[in-house]
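This report refers to the structure that appears directly beneath it.
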Amino acid sequence: MGKISFSLILALAVVTVGTTSEKKCVLSGMWKNELHSLMEIHDVNDEGEFSGEYLTSVTATSNCIRRSPLKGAQHDVERRAQPTFGFTVNWEPFSNSTTIFVGQCFLDEKGKEILETVWLLREQVDSPGEDWKATRVGTNIFTRKRNAMRGKILQDHSPPCEAPAPTALGTRPPAPRLPSPPRL
């Protein structure tokens with residue numbers, strides 16, 4: 001009986017060491033998607049809530065793009081190594097739209113963190129007859145961007161909106177635009 005008890009205790013210790021050293025996907029930090037938009041998520045609190053900033057690289061408006069606040073929540077990372085999450089971005093003051101993202105933080109076979117997301121963008125329209133064109137849906141994949149200077153990267157990448165930036169022709173190029181939804 002002593003050998004069995006010792007074996008069970010040894011097995012439990014090995015399993016405990018294996019699970020506590022398991023790498024977990026952490027949302028906090030700087031992320032970049034395939035469209036080169038940047039997002040910084042601040043620390044996630046004990047309830048799973050977080051905030052941050054999003055700097056999009058695409059817009060459906062001709063207004064100057066600005067850093068936009070985001071707020072969200074994730075499942076408990078202590079219980080889930082690859083948590084699901086959701087957050088909202090309010091594009092004000094440069095746009096009359098809001099986007100919600102839902103997704104999951106994954107670890108690939110090399111331990112690299114990836115955020116797989118689906119989003120819904122809702123823009124304001126003037127009447128119920130225009131409702132059909134007010135919502136867009138899409139996906140984004142975010143990869144971690146190393147950031148030694150927290151809070152500084154998005155500020156450095158934000159375009160100056162006070163005066164147009166000079167180009168070779170002396171005018172500011174228009175921001176990339178989202179495609180218009182098809183008319184049915």
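By convention in this document, the chains of the structure tokens carry letters A, B, ... by their order, each chain's residues are numbered from 1, and ligands are numbered from 1 in the order they are shown.
By chain and then residue number, the residues within 9 Å of Leu120 of chain A are A:Thr98, A:Thr99, A:Ile100, A:Phe101, A:Thr135, A:Arg136, A:Val137, A:Gly138, A:Thr139, counting only C-alpha atoms and disregarding those fewer than 6 positions away in sequence.
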Those selected residues, please, written with C-alpha atoms and delivered as a compact mmCIF listing (two decimals), in the first residue's frame.
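Once everything was written out, this is out_4.txt:
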# COMPACT_ATOMS: atom_id res chain seq x y z
CA THR A 98 -19.09 51.68 -32.99
CA THR A 99 -17.49 48.25 -33.43
CA ILE A 100 -17.73 45.18 -31.24
CA PHE A 101 -15.09 42.47 -31.44
CA THR A 135 -23.88 47.16 -40.22
CA ARG A 136 -20.72 45.53 -41.54
CA VAL A 137 -19.16 42.25 -40.44
CA GLY A 138 -15.60 41.05 -40.77
CA THR A 139 -12.67 39.22 -39.22
Residues at most 10 Å from segment 144-146 of chain A, counting only C-alpha atoms, excluding those fewer than 6 positions away in the same chain, as JSON, numbers by chain? {"A": [26, 27, 28, 29, 30, 31, 32, 33, 38, 39, 40, 112, 113, 114, 115]}
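For the set A:Thr117, A:Thr56, A:Ser37, A:Gln82, the residue with the smallest atom-to-atom gap to Phe94 of chain A is A:Thr56, counting only C-alpha atoms.
One finds atom CA of His36 of chain A at 17.3 Å from atom CA of Leu70 of chain A.
Ranking A:Thr88, A:Thr143, A:Val102, A:Leu107 by their shortest atom-to-atom distance to Arg122 of chain A, with only C-alpha atoms included, puts A:Thr88 first.
In this comparison, which uses only C-alpha atoms, the residue of A:Tyr54, A:Trp119, A:Cys105, A:Gln74 approaching Asn90 of chain A most closely is A:Tyr54.
Of note, atom CA of Val44 of chain A and atom CA of Ala73 of chain A are spaced 8.0 Å apart.
Excluding Glu123 of chain A and any residue on its chain fewer than 6 positions from it, the residues at most 6 Å away by only C-alpha atoms are A:Asn96, A:Ser97, A:Ala134.
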Write a file of the selected residues as a CSV table (one decimal), in the first residue's frame, keeping N, CA and C atoms.
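And here is the file that came out, again-v6.csv:
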chain,number,residue,atom,x,y,z
A,96,ASN,N,-19.0,58.2,-36.8
A,96,ASN,CA,-20.3,58.0,-36.1
A,96,ASN,C,-20.6,56.6,-36.0
A,97,SER,N,-19.6,55.7,-35.7
A,97,SER,CA,-19.8,54.3,-35.6
A,97,SER,C,-19.2,53.7,-34.4
A,134,ALA,N,-26.2,49.8,-42.6
A,134,ALA,CA,-25.6,50.4,-41.4
A,134,ALA,C,-24.7,49.4,-40.7
Please return as a list in words: the residues of segment 114-148 of chain A that backbone DSSP assigns to strand (DSSP E). Ile114, Leu115, Glu116, Thr117, Val118, Trp119, Leu120, Leu121, Arg122, Glu123, Thr135, Arg136, Val137, Gly138, Thr139, Asn140, Ile141, Phe142, Thr143, Arg144 and Lys145 of chain A
